[in-house]
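Here the structure is laid out as structure tokens; the discussion comes afterwards.
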Amino acid sequence: MLFNSLIFLLFGFLFFTLLPLVNKQKNNIRWIFLTVASFFFYGWWDWRFLFLIIGSGLIDYIAGLLIIKSYRYRTLFLVISLLGNLGSLAAFKYSGFFAENFNKLFALFDIAIDFNDQIPPFMSILPVGISFYTFQSMSYTIDIYRGRLKPTRNILHFFSYLALFPQLVAGPIVRARDLLPQLKRVRVVSKQENWNGFYLILVGYFKKVVLADNIAPLVNSAFNDVGAHQSSLYWWVVMFGFAFQIYFDFSGYSDIARGLAKWMGLHFRLNFNHPYVSTSIREFWTRWHISLSTWFRDYVYIPLGGSRKGKFRSHLNMWITMIVSGFWHGAAWNFVIWGALHAFYNSFERVFKYEKALKTIRFGKEISWILVLVQVIIAWVFFRAETFTDAIHVIKNMLLINTDMDIIRDGVFNNALIFIIVGLSIEVFFYFNLKSKLAFRGRNKEYFQYFQFVLMIIAIILFRGKGQEFIYFQF
Amino acid sequence: MFDKRIIIIVLSAALLSMWVSVTFIDSTADLVKQLFVFKVRSNNTYDMIIAGDSRIYRGISTDPFEDNLGLSCINLGFSSGLLEPQMYQLIDKKIAIEPDRKIILLGITPHSLTHYSYPNGHIQRMNEMKSEEVIDYLYLLPIKRLFQAVNIIDLYEMVVNGKTWSDYIQIPYKRQGWIASDYYSRRPYSALESYRKTFDNRTIDSLMLDAFYVQVQEWVNRGVEVYGFIPPSSANIESLERTFSGFSDEKVIKRFISSGGKWLGIDGVYKSYDGSHMIKEDALTLSAELAEKINQFDDDVAFDSSFNYRHNYIADNFFDYRIYNFSESNVNDSTFSDGVRNIYPNEQNIPLSNIAPEYIIENNITKICFRFKVKANTLKKKLYVISQVTKDNEKIDYHNLNLSWVLKEGEWQTINYQFDVPKNLDKSSVMEVFIYNIENDLQIDDIEVFYFN
């Protein structure tokens with residue numbers, strides 16, 4: 001079920017109408033309600049893949065219990081749990097990629113084998129949100145193994161955590177040690193929480209359906225035929241557009257998820273914190289997809305040794321983490337390059353410390369900001385392009401000066417440009433911290449919020465773009 | 001969620017949006033889509049089905065059939081509708097089983113018998129639509145229309161600059177499956193380019209044609225009366241379609257009849273807004289004419305070469321006007337009197353006629369039409385027929401027709417070209433009609449000029 005669909009509005013209305021009735025219960029009814037509602041939400045997309053969540057979830061639930069019960073074999077149970085999760089990811093997400101690359105590898109030795117034929121057809125469908133819920137599930141058993149979490153004995157508690165609908169398909173990736181205790185607490189949602197939840201939901205919808213969905217047609221048309229335009233300005237606008245599209249699309253989803261969680265009396269941590277105001281790549285990664293970055297930090301980078309084993313190992317560990325993170329996003333070399341490029345930026349920044357030097361000069365902060373934006377945008381080209389050749393073609397067009405201005409007659413371009421400017425203005429607003437400078441405090445804040453909310457709802461209704469799936473559903 | 005402040009905010013924003021939506025936003029696109037979803041995804045069945053491509057869904061109203069024949073009826077025309085299995089399956093799904101009299105009326109065009117790798121995409125897309133979206137269109141559209149989305153630039157253009165949403169007038173009649181259509185300003189050659197592109201490398205598929213006749217026979221064997229007709233089109237489009245597709249009216253009709261089908265010839269004269277599709281009023285006239293013909297169909301009238309199986313209609317056709325003059329003598333005699341005129345690649349502007357403005361003004365002529373035959377021996381670059389009126393060396397009127405959309409190398413084809421006399425024409429104006437040629441090798445013959453007042 002998509003957040004931006006009529007059926008979800010109906011589902012949400014029914015869910016939150018019934019929730020207060022069951023939320024008072026200390027028995028299993030509220031857990032059954034949460035689990036069934038979440039399964040219904042997921043099953044609406046394709047009920048067959050519920051078996052995958054239930055199957056891989058059961059492995060982790062049982063492994064969690066066994067890790068505590070049989071201390072001697074705890075590593076074995078952890079490995080079984082990891083194999084279950086990574087196996088389902090490998091089967092559904094990466095089998096096609098591996099098959100294709102093995103085909104190419106064997107072809108080098110003149111051996112003609114088509115591994116694609118060996119993949120069952122149902123594995124060609126990528127289950128929505130598989131990367132998110134498998135990571136969430138893995139963190140459950142790893143935390144139990146590390147002694148940081150006690151396993152839950154009630155299977156309903158486990159599935160309420162794993163499949164909770166607001167974050168099930170596109171995050172944020174919530175840790176069991178954060179969420180399970182919150183779920184177990186029976187509490188009444190306060191007026192302020194309701195209000196804040198409403199704010200987050202509106203902001204999320206505005207980002208997704210007004211900003212991201214109106215920018216999407218330009219980006220899609222540009223990348224459908226990368227050879228159609230040579231203008232440098234065009235490609236810079238397109239790539240700025242994509243940078244904002246992916247940010248608003250994904251952070252919009254996270255905001256809606258956080259808002260819905262607030263209405264359920266839960267708190268999800270911030271997942272995006274205005275990443276495009278960053279003045280260093282390191283800062284960018286503390287602001288972009290925070291739940292994933294911290295997941296990789298805690299479960300990949302630190303176990304590899306983090307920065308404890310000298311400078312070289314620290315760089316190497318960071319490179320491995322970034323490349324794996326890129327591969328997590330998609331089964332294609334483009335995503336690996338995207339991850340590697342960010343690792344390169346990071347290493348470059350760490351070695352030369354140029355951003356620190358820049359901060360000592362006049363407008364240095366602004367120069368750093370622009371430098372980070374350019375680096376991030378160049379990396380986004382690899383993320384969005386269908387092929388490596390397309391990506392190089394786009395970057396060439398961006399860097400070679402071509403002053404063709406024919407694009408200004410294009411309706412799709414102009415419409416997207418309006419929303420890119422709106423997006424840019426929002427980020428500039430946060431960059432200069434205007435919120436604290438303007439009259440957004442005290443009584444004025446309340447009136448301003450009423451006005452802001454009404455305007456946002458009108459924009460969501462009237463200026464919503466053509467309904468598109470959330471980009472991160474494919475990851 | 002159910003905070004009083006939240007409810008007030010949502011309601012006030014929703015009311016404001018509804019007001020904007022209902023007052024300013026055009027919902028034709030959604031209504032058109034709803035009509036097609038209804039055609040494909042509703043479970044209603046009918047005594048009579050009318051099927052074909054866009055000339056059918058824009059050109060045939062079902063009301064005259066229901067009134068005249070007393071049968072329930074739906075128009076199953078689709079964009080680029082092909083006489084292919086997807087269409088047959090849909091017809092079989094829609095035709096009622098019980099009634100004694102069941103009719104299928106097929107609009108047969110050259111395009112409907114050509115091959116596509118993704119045939120009947122319009123029907124397939126409707127079939128592939130998610131149930132959720134189908135429910136939205138079939139049942140929730142009245143609510144959705146209260147909250148329509150709009151492109152911000154379009155809204156600005158309309159509210160601030162007073163522009164209309166589109167030049168296209170479309171009135172969808174969902175129950176009928178008919179979309180009454182027109183342009184605010186008619187453009188008699190606007191469909192040519194897309195048809196020309198469609199027929200690039202695309203001809204009648206003989207296997208598809210064979211399968212079509214088998215299907216007709218099967219319907220007839222099941223007791224269905226199957227009627228066929230060729231939806232009228234403009235002369236230029238008809239010439240283009242037949243030249244490029246290899247469609248032979250006579251052969252198609254003869255085999256249709258021998259497969260058990262009943263053929264309906266058309267006698268009327270109709271107007272088009274784009275050169276391919278009929279305007280609303282004439283769609284109603286044609287529908288009534290077809291209903292009447294079915295009602296009075298005489299099985300004993302045999303098809304022969306004198307049978308009026310097809311009738312060209314011409315965009316904003318000539319025949320509504322009194323012919324004021326008709327002769328080749330209006331054309332520059334010295335150039336064309338010897339019959340075929342050869343035009344060589346190095347000739348750029350070839351006058352077809354210099355029309356004396358005095359003559360136009362004195363005789364209150366409002367429209368001028370040219371008909372001539374052209375054969376392109378080579379088609380390399382630009383080739384247009386252009387009419388222009390200048391006054392004091394300034395262009396006051398200009399029209400053109402891109403001949404490369406219509407012509408096929410090595411074939412004689414008849415071109416119809418017409419334009420309205422500008423209202424600000426005076427005796428000092430210069431009126432020219434000429435062929436603009438860049439490096440093409442041509443022959444022209446049989447130029448006719450029609451003046452109308």
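Residue numbering restarts at 1 in every chain; chains get A, B, ... in the order shown in the structure tokens, and ligands count up from 1 in that same order.
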
Pick out the residues sitting within 6 Å of stretch 43-48 of chain B, and hand them over as a PDB file with all heavy atoms, in the first residue's frame; count only C-alpha atoms, and ignore anything fewer than 6 positions along from it in its own chain.
```
ATOM      1  N   LEU B  71     -31.880  -1.747 -29.284  1.00  0.00           N
ATOM      2  CA  LEU B  71     -30.884  -2.640 -28.673  1.00  0.00           C
ATOM      3  C   LEU B  71     -29.975  -1.838 -27.742  1.00  0.00           C
ATOM      4  O   LEU B  71     -29.699  -0.676 -28.015  1.00  0.00           O
ATOM      5  CB  LEU B  71     -30.003  -3.283 -29.756  1.00  0.00           C
ATOM      6  CG  LEU B  71     -30.684  -4.113 -30.831  1.00  0.00           C
ATOM      7  CD1 LEU B  71     -29.677  -4.521 -31.900  1.00  0.00           C
ATOM      8  CD2 LEU B  71     -31.327  -5.355 -30.232  1.00  0.00           C
ATOM      9  N   SER B  72     -29.523  -2.485 -26.669  1.00  0.00           N
ATOM     10  CA  SER B  72     -28.527  -1.804 -25.833  1.00  0.00           C
ATOM     11  C   SER B  72     -27.190  -1.860 -26.584  1.00  0.00           C
ATOM     12  O   SER B  72     -26.895  -2.850 -27.256  1.00  0.00           O
ATOM     13  CB  SER B  72     -28.403  -2.500 -24.478  1.00  0.00           C
ATOM     14  OG  SER B  72     -27.968  -3.831 -24.642  1.00  0.00           O
ATOM     15  N   CYS B  73     -26.427  -0.811 -26.471  1.00  0.00           N
ATOM     16  CA  CYS B  73     -25.264  -0.702 -27.370  1.00  0.00           C
ATOM     17  C   CYS B  73     -24.107   0.031 -26.694  1.00  0.00           C
ATOM     18  O   CYS B  73     -24.323   0.933 -25.876  1.00  0.00           O
ATOM     19  CB  CYS B  73     -25.727   0.088 -28.596  1.00  0.00           C
ATOM     20  SG  CYS B  73     -24.442   0.400 -29.801  1.00  0.00           S
ATOM     21  N   LYS B  94     -18.182  -8.504 -23.916  1.00  0.00           N
ATOM     22  CA  LYS B  94     -19.193  -7.456 -23.784  1.00  0.00           C
ATOM     23  C   LYS B  94     -20.519  -7.801 -24.450  1.00  0.00           C
ATOM     24  O   LYS B  94     -21.541  -7.183 -24.151  1.00  0.00           O
ATOM     25  CB  LYS B  94     -18.665  -6.152 -24.406  1.00  0.00           C
ATOM     26  CG  LYS B  94     -17.563  -5.514 -23.626  1.00  0.00           C
ATOM     27  CD  LYS B  94     -18.135  -4.811 -22.431  1.00  0.00           C
ATOM     28  CE  LYS B  94     -17.078  -4.394 -21.459  1.00  0.00           C
ATOM     29  NZ  LYS B  94     -17.659  -3.843 -20.241  1.00  0.00           N
ATOM     30  N   ILE B  95     -20.494  -8.727 -25.393  1.00  0.00           N
ATOM     31  CA  ILE B  95     -21.747  -8.984 -26.104  1.00  0.00           C
ATOM     32  C   ILE B  95     -22.617  -9.933 -25.280  1.00  0.00           C
ATOM     33  O   ILE B  95     -22.136 -10.936 -24.742  1.00  0.00           O
ATOM     34  CB  ILE B  95     -21.506  -9.495 -27.545  1.00  0.00           C
ATOM     35  CG1 ILE B  95     -22.791  -9.332 -28.350  1.00  0.00           C
ATOM     36  CG2 ILE B  95     -20.986 -10.929 -27.589  1.00  0.00           C
ATOM     37  CD1 ILE B  95     -22.565  -9.031 -29.797  1.00  0.00           C
ATOM     38  N   ALA B  96     -23.892  -9.568 -25.152  1.00  0.00           N
ATOM     39  CA  ALA B  96     -24.811 -10.357 -24.324  1.00  0.00           C
ATOM     40  C   ALA B  96     -25.060 -11.715 -24.961  1.00  0.00           C
ATOM     41  O   ALA B  96     -24.990 -11.869 -26.180  1.00  0.00           O
ATOM     42  CB  ALA B  96     -26.110  -9.592 -24.152  1.00  0.00           C
ATOM     43  N   LYS B 102     -28.268 -10.009 -31.966  1.00  0.00           N
ATOM     44  CA  LYS B 102     -26.994  -9.462 -31.484  1.00  0.00           C
ATOM     45  C   LYS B 102     -26.251  -8.894 -32.692  1.00  0.00           C
ATOM     46  O   LYS B 102     -26.225  -9.532 -33.749  1.00  0.00           O
ATOM     47  CB  LYS B 102     -26.138 -10.561 -30.850  1.00  0.00           C
ATOM     48  CG  LYS B 102     -26.649 -11.028 -29.506  1.00  0.00           C
ATOM     49  CD  LYS B 102     -25.917 -12.232 -29.002  1.00  0.00           C
ATOM     50  CE  LYS B 102     -26.488 -13.496 -29.586  1.00  0.00           C
ATOM     51  NZ  LYS B 102     -26.013 -14.726 -28.979  1.00  0.00           N
ATOM     52  N   ILE B 103     -25.693  -7.727 -32.515  1.00  0.00           N
ATOM     53  CA  ILE B 103     -25.027  -7.069 -33.649  1.00  0.00           C
ATOM     54  C   ILE B 103     -23.615  -6.622 -33.267  1.00  0.00           C
ATOM     55  O   ILE B 103     -23.397  -6.110 -32.170  1.00  0.00           O
ATOM     56  CB  ILE B 103     -25.841  -5.842 -34.113  1.00  0.00           C
ATOM     57  CG1 ILE B 103     -27.210  -6.284 -34.646  1.00  0.00           C
ATOM     58  CG2 ILE B 103     -25.077  -5.043 -35.166  1.00  0.00           C
ATOM     59  CD1 ILE B 103     -28.107  -5.146 -35.063  1.00  0.00           C
ATOM     60  N   ILE B 104     -22.697  -6.839 -34.198  1.00  0.00           N
ATOM     61  CA  ILE B 104     -21.363  -6.243 -34.060  1.00  0.00           C
ATOM     62  C   ILE B 104     -21.140  -5.362 -35.288  1.00  0.00           C
ATOM     63  O   ILE B 104     -21.287  -5.837 -36.415  1.00  0.00           O
ATOM     64  CB  ILE B 104     -20.258  -7.322 -33.978  1.00  0.00           C
ATOM     65  CG1 ILE B 104     -20.418  -8.167 -32.707  1.00  0.00           C
ATOM     66  CG2 ILE B 104     -18.868  -6.678 -33.997  1.00  0.00           C
ATOM     67  CD1 ILE B 104     -19.520  -9.402 -32.656  1.00  0.00           C
TER      68      ILE B 104
END
```

TODO: Please identify all polymer residues within 12 Å of A:Ala170, counting only C-alpha atoms, omitting same-chain residues fewer than 2 positions from it, and present them as a count of residues only.
DONE: 45

Open item on the list: Give me the residues near B:Gly177 as a list of chain:residue names, where near means some atom within 7 Å (using only C-alpha atoms) and where sequence neighbours in that chain fewer than 4 positions away do not count.
Closed with: B:Leu35, B:Lys39, B:Tyr57, B:Ile74, B:Asn75, B:Leu76, B:Tyr173

Open item on the list: Taking only stretch 235-387 of chain A into account, list the residues labelled helix (DSSP H, G or I) by DSSP (computed from the backbone), as number ranges by chain.
Closed with: A: 235-263, 275-277, 281-287, 290-301, 310-329, 333-352, 354-358, 364-384

Task: Selection: 12 Å around stretch 355-359 of chain B, only C-alpha atoms, excl. self and same-chain fewer than 5 positions, as a VMD selection string - done: chain B and resid 324 to 325 329 to 332 364 to 366 368 to 370 387 to 391 421 to 434 449 to 451 453

Residues of the last selection are to be written out with N, CA and C atoms, as a compact mmCIF listing (two decimals), in the first residue's frame.
```
# COMPACT_ATOMS: atom_id res chain seq x y z
N TYR B 324 -17.95 28.18 -57.32
CA TYR B 324 -18.05 29.42 -58.09
C TYR B 324 -17.34 29.28 -59.43
N ASN B 325 -16.24 28.63 -59.40
CA ASN B 325 -15.50 28.45 -60.64
C ASN B 325 -14.71 27.15 -60.54
N SER B 329 -7.93 26.88 -65.99
CA SER B 329 -7.53 28.14 -66.61
C SER B 329 -7.09 29.18 -65.58
N ASN B 330 -7.44 28.94 -64.33
CA ASN B 330 -6.98 29.87 -63.30
C ASN B 330 -5.49 29.76 -63.04
N VAL B 331 -4.95 28.69 -63.50
CA VAL B 331 -3.54 28.44 -63.25
C VAL B 331 -2.72 29.06 -64.36
N ASN B 332 -1.53 29.42 -64.01
CA ASN B 332 -0.62 30.01 -64.99
C ASN B 332 -0.52 29.11 -66.23
N ASN B 364 -17.02 37.88 -53.46
CA ASN B 364 -17.22 37.46 -52.05
C ASN B 364 -16.72 36.04 -51.77
N ILE B 365 -15.57 35.73 -52.30
CA ILE B 365 -15.05 34.38 -52.09
C ILE B 365 -14.45 34.26 -50.68
N THR B 366 -14.83 33.19 -49.98
CA THR B 366 -14.36 33.03 -48.59
C THR B 366 -13.35 31.89 -48.45
N ILE B 368 -10.69 29.01 -50.68
CA ILE B 368 -10.10 28.57 -51.95
C ILE B 368 -9.52 27.18 -51.74
N CYS B 369 -9.82 26.27 -52.66
CA CYS B 369 -9.31 24.91 -52.53
C CYS B 369 -8.55 24.53 -53.80
N PHE B 370 -7.43 23.85 -53.56
CA PHE B 370 -6.65 23.33 -54.67
C PHE B 370 -6.68 21.82 -54.63
N SER B 387 0.39 28.77 -49.01
CA SER B 387 -0.43 29.90 -49.49
C SER B 387 -0.12 31.08 -48.60
N GLN B 388 0.09 32.22 -49.22
CA GLN B 388 0.36 33.39 -48.39
C GLN B 388 -0.20 34.65 -49.04
N VAL B 389 -0.59 35.57 -48.18
CA VAL B 389 -1.10 36.85 -48.64
C VAL B 389 -0.20 37.92 -48.05
N THR B 390 0.31 38.79 -48.91
CA THR B 390 1.16 39.88 -48.42
C THR B 390 0.54 41.22 -48.77
N LYS B 391 0.85 42.18 -47.93
CA LYS B 391 0.36 43.54 -48.18
C LYS B 391 1.48 44.48 -47.78
N VAL B 421 -9.97 32.68 -47.04
CA VAL B 421 -9.51 34.00 -47.50
C VAL B 421 -9.46 34.92 -46.29
N PRO B 422 -8.34 35.57 -46.07
CA PRO B 422 -8.26 36.44 -44.88
C PRO B 422 -9.24 37.61 -44.98
N LYS B 423 -9.79 37.98 -43.84
CA LYS B 423 -10.84 39.02 -43.84
C LYS B 423 -10.27 40.39 -44.19
N ASN B 424 -8.98 40.58 -43.91
CA ASN B 424 -8.40 41.91 -44.19
C ASN B 424 -7.77 42.02 -45.59
N LEU B 425 -8.19 41.12 -46.48
CA LEU B 425 -7.67 41.18 -47.86
C LEU B 425 -8.21 42.43 -48.57
N ASP B 426 -7.34 43.15 -49.24
CA ASP B 426 -7.85 44.24 -50.10
C ASP B 426 -7.17 44.16 -51.46
N LYS B 427 -7.58 45.10 -52.35
CA LYS B 427 -7.14 44.98 -53.74
C LYS B 427 -5.63 45.16 -53.92
N SER B 428 -4.98 45.78 -52.94
CA SER B 428 -3.53 45.96 -53.07
C SER B 428 -2.75 44.74 -52.57
N SER B 429 -3.46 43.77 -52.03
CA SER B 429 -2.77 42.58 -51.49
C SER B 429 -2.26 41.68 -52.61
N VAL B 430 -1.28 40.86 -52.26
CA VAL B 430 -0.77 39.88 -53.23
C VAL B 430 -1.05 38.49 -52.64
N MET B 431 -1.74 37.67 -53.43
CA MET B 431 -2.12 36.34 -52.95
C MET B 431 -1.40 35.29 -53.78
N GLU B 432 -0.62 34.42 -53.13
CA GLU B 432 0.15 33.44 -53.89
C GLU B 432 -0.06 32.04 -53.31
N VAL B 433 -0.08 31.08 -54.22
CA VAL B 433 -0.06 29.68 -53.78
C VAL B 433 1.08 29.02 -54.56
N PHE B 434 2.01 28.40 -53.85
CA PHE B 434 3.15 27.83 -54.55
C PHE B 434 3.69 26.59 -53.83
N VAL B 449 -8.84 24.27 -59.26
CA VAL B 449 -9.01 25.30 -58.23
C VAL B 449 -10.50 25.50 -58.01
N PHE B 450 -10.89 25.50 -56.74
CA PHE B 450 -12.30 25.69 -56.40
C PHE B 450 -12.42 26.97 -55.58
N TYR B 451 -13.38 27.79 -55.96
CA TYR B 451 -13.63 29.01 -55.18
C TYR B 451 -15.00 28.87 -54.52
N ASN B 453 -18.03 30.76 -52.01
CA ASN B 453 -18.48 31.96 -51.30
C ASN B 453 -19.69 31.64 -50.43
```

- [ ] List the neighbours of A:Phe49 out to 12 Å using only C-alpha atoms; skip same-chain residues closer than 3 positions along the sequence, and give me the result as number ranges by chain.
- [x] A: 39-46, 52-56, 88, 92, 122-123, 125-130

Identify all chain A residues at most 9 Å from chain B by counting only C-alpha atoms; ligands do not count. Present them as a compact mmCIF listing (two decimals) with C-alpha atoms, in the first residue's frame.
```
# COMPACT_ATOMS: atom_id res chain seq x y z
CA LEU A 6 -6.60 6.74 -1.55
CA ILE A 7 -6.70 3.25 -0.08
CA PHE A 13 -8.54 6.36 9.06
CA PHE A 16 -6.37 5.25 13.98
CA THR A 17 -10.09 5.07 14.75
CA LYS A 191 -2.35 16.51 22.18
CA ASN A 194 -0.89 14.46 17.84
CA TRP A 195 -0.09 17.94 16.63
CA GLY A 197 2.59 13.94 14.20
CA PHE A 198 0.21 15.90 12.01
CA ASN A 214 6.68 17.32 -9.75
CA TRP A 263 0.04 9.18 16.40
CA GLY A 411 6.86 22.81 -20.16
CA ASN A 414 9.79 24.81 -16.42
CA ASN A 415 7.32 23.06 -14.15
CA ILE A 418 9.57 25.85 -10.10
CA TYR A 450 -2.27 27.08 11.11
CA PHE A 451 -1.64 29.09 7.98
CA PHE A 453 -0.74 23.70 7.42
CA VAL A 454 -3.70 24.96 5.39
CA LEU A 455 -1.37 26.04 2.58
CA MET A 456 0.44 22.71 2.62
CA ILE A 457 -2.79 20.72 2.42
CA ILE A 458 -4.01 22.88 -0.48
CA ALA A 459 -0.68 22.36 -2.26
CA ILE A 460 -0.81 18.61 -1.59
CA ILE A 461 -4.29 18.42 -3.11
CA LEU A 462 -3.92 20.82 -6.02
CA PHE A 463 -0.29 20.57 -7.01
CA ARG A 464 0.36 16.90 -6.37
CA GLY A 465 2.41 15.37 -9.15
CA LYS A 466 1.42 12.21 -10.98
```

TODO: Taking the DSSP assignment computed from this structure's backbone, write out as a PyMOL selection string all residues of stretch 127-356 of chain B that belong to strand (DSSP E).
DONE: chain B and resi 168-173+178-183+224-229+262-263+323-326+341-343+349-355

TODO: Mind checking which residues fall within 10 Å of A:Asn334, counting only C-alpha atoms, ignoring those fewer than 3 positions away in the same chain, and posting them as a ChimeraX atom specification?
DONE: /A:326-327,329-331,337-340,379-388,391

Task: 7 Å contact set for A:Asn103, only C-alpha atoms, chain neighbours under 6 positions out, as a VMD selection string - done: chain A and resid 113 to 115

Write the residues you've just listed into a file as a CSV table (one decimal), in the first residue's frame, and include N, CA, C and O atoms for each of them.
```
chain,number,residue,atom,x,y,z
A,113,ILE,N,27.4,-20.1,-20.6
A,113,ILE,CA,26.4,-20.6,-19.6
A,113,ILE,C,25.4,-19.4,-19.3
A,113,ILE,O,25.9,-18.3,-19.1
A,114,ASP,N,24.1,-19.7,-19.3
A,114,ASP,CA,23.2,-18.6,-18.9
A,114,ASP,C,22.6,-18.9,-17.6
A,114,ASP,O,21.7,-19.7,-17.4
A,115,PHE,N,23.2,-18.3,-16.6
A,115,PHE,CA,22.8,-18.5,-15.2
A,115,PHE,C,21.4,-17.9,-15.0
A,115,PHE,O,20.7,-18.3,-14.0
```

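Considering only C-alpha atoms, the residue among A:Phe242, A:Trp235, A:Tyr301, A:Trp31 positioned nearest to A:Leu211 is A:Phe242.
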
TODO: Go ahead and compute the interatomic distance for atom CA of A:Pro217 and atom CA of A:Phe413, in Å to one decimal.
DONE: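 Atom-to-atom, atom CA of A:Pro217 to atom CA of A:Phe413, that is 8.5 Å.
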